[in-house]
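Colleague: Got a structure here, written out as structure tokens. Questions coming.
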Amino acid sequence: MDKDSPDLHQDLNALKTKFQEMRKLIGTMPGIHVSPEQQQQQLHSLREQVRTKNELLHKYKSLCMFEIPKE
């Protein structure tokens with residue numbers, strides 16, 4: 001492989017451009033500023049919310065206050 005090949009330089013410049021674009025995208029991603037500990041706390045909180053809402057949903061379904069149409 002020729003190190004001075006124009007194709008090689010063109011490919012390297014294209015790769016460099018892609019890396020620069022990805023760095024910009026990573027910086028704009030939501031939550032990138034949140035520490036792993038904060039992420040774990042958020043995850044725990046969200047799982048707790050899902051658990052609570054599932055319990056309420058099962059409770060309401062067991063009350064038979066409304067009919068669920070069957071298809």
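We label chains A, B, ... in the order they appear in the structure tokens, count residues from 1 in each chain, and number ligands from 1 in the order shown.
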Region 5-50 of chain A: which residues are alpha helix (DSSP H) by DSSP, as an NGL selection string?

Modeller: :A and (6-28 or 36-50)

Colleague: For CA of Lys53 (chain A) and CA of Ser35 (chain A), determine how far apart the two atoms are, in Å to one decimal place.

Modeller: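 Straight-line distance from CA of Lys53 (chain A) to CA of Ser35 (chain A) works out to 27.0 Å.
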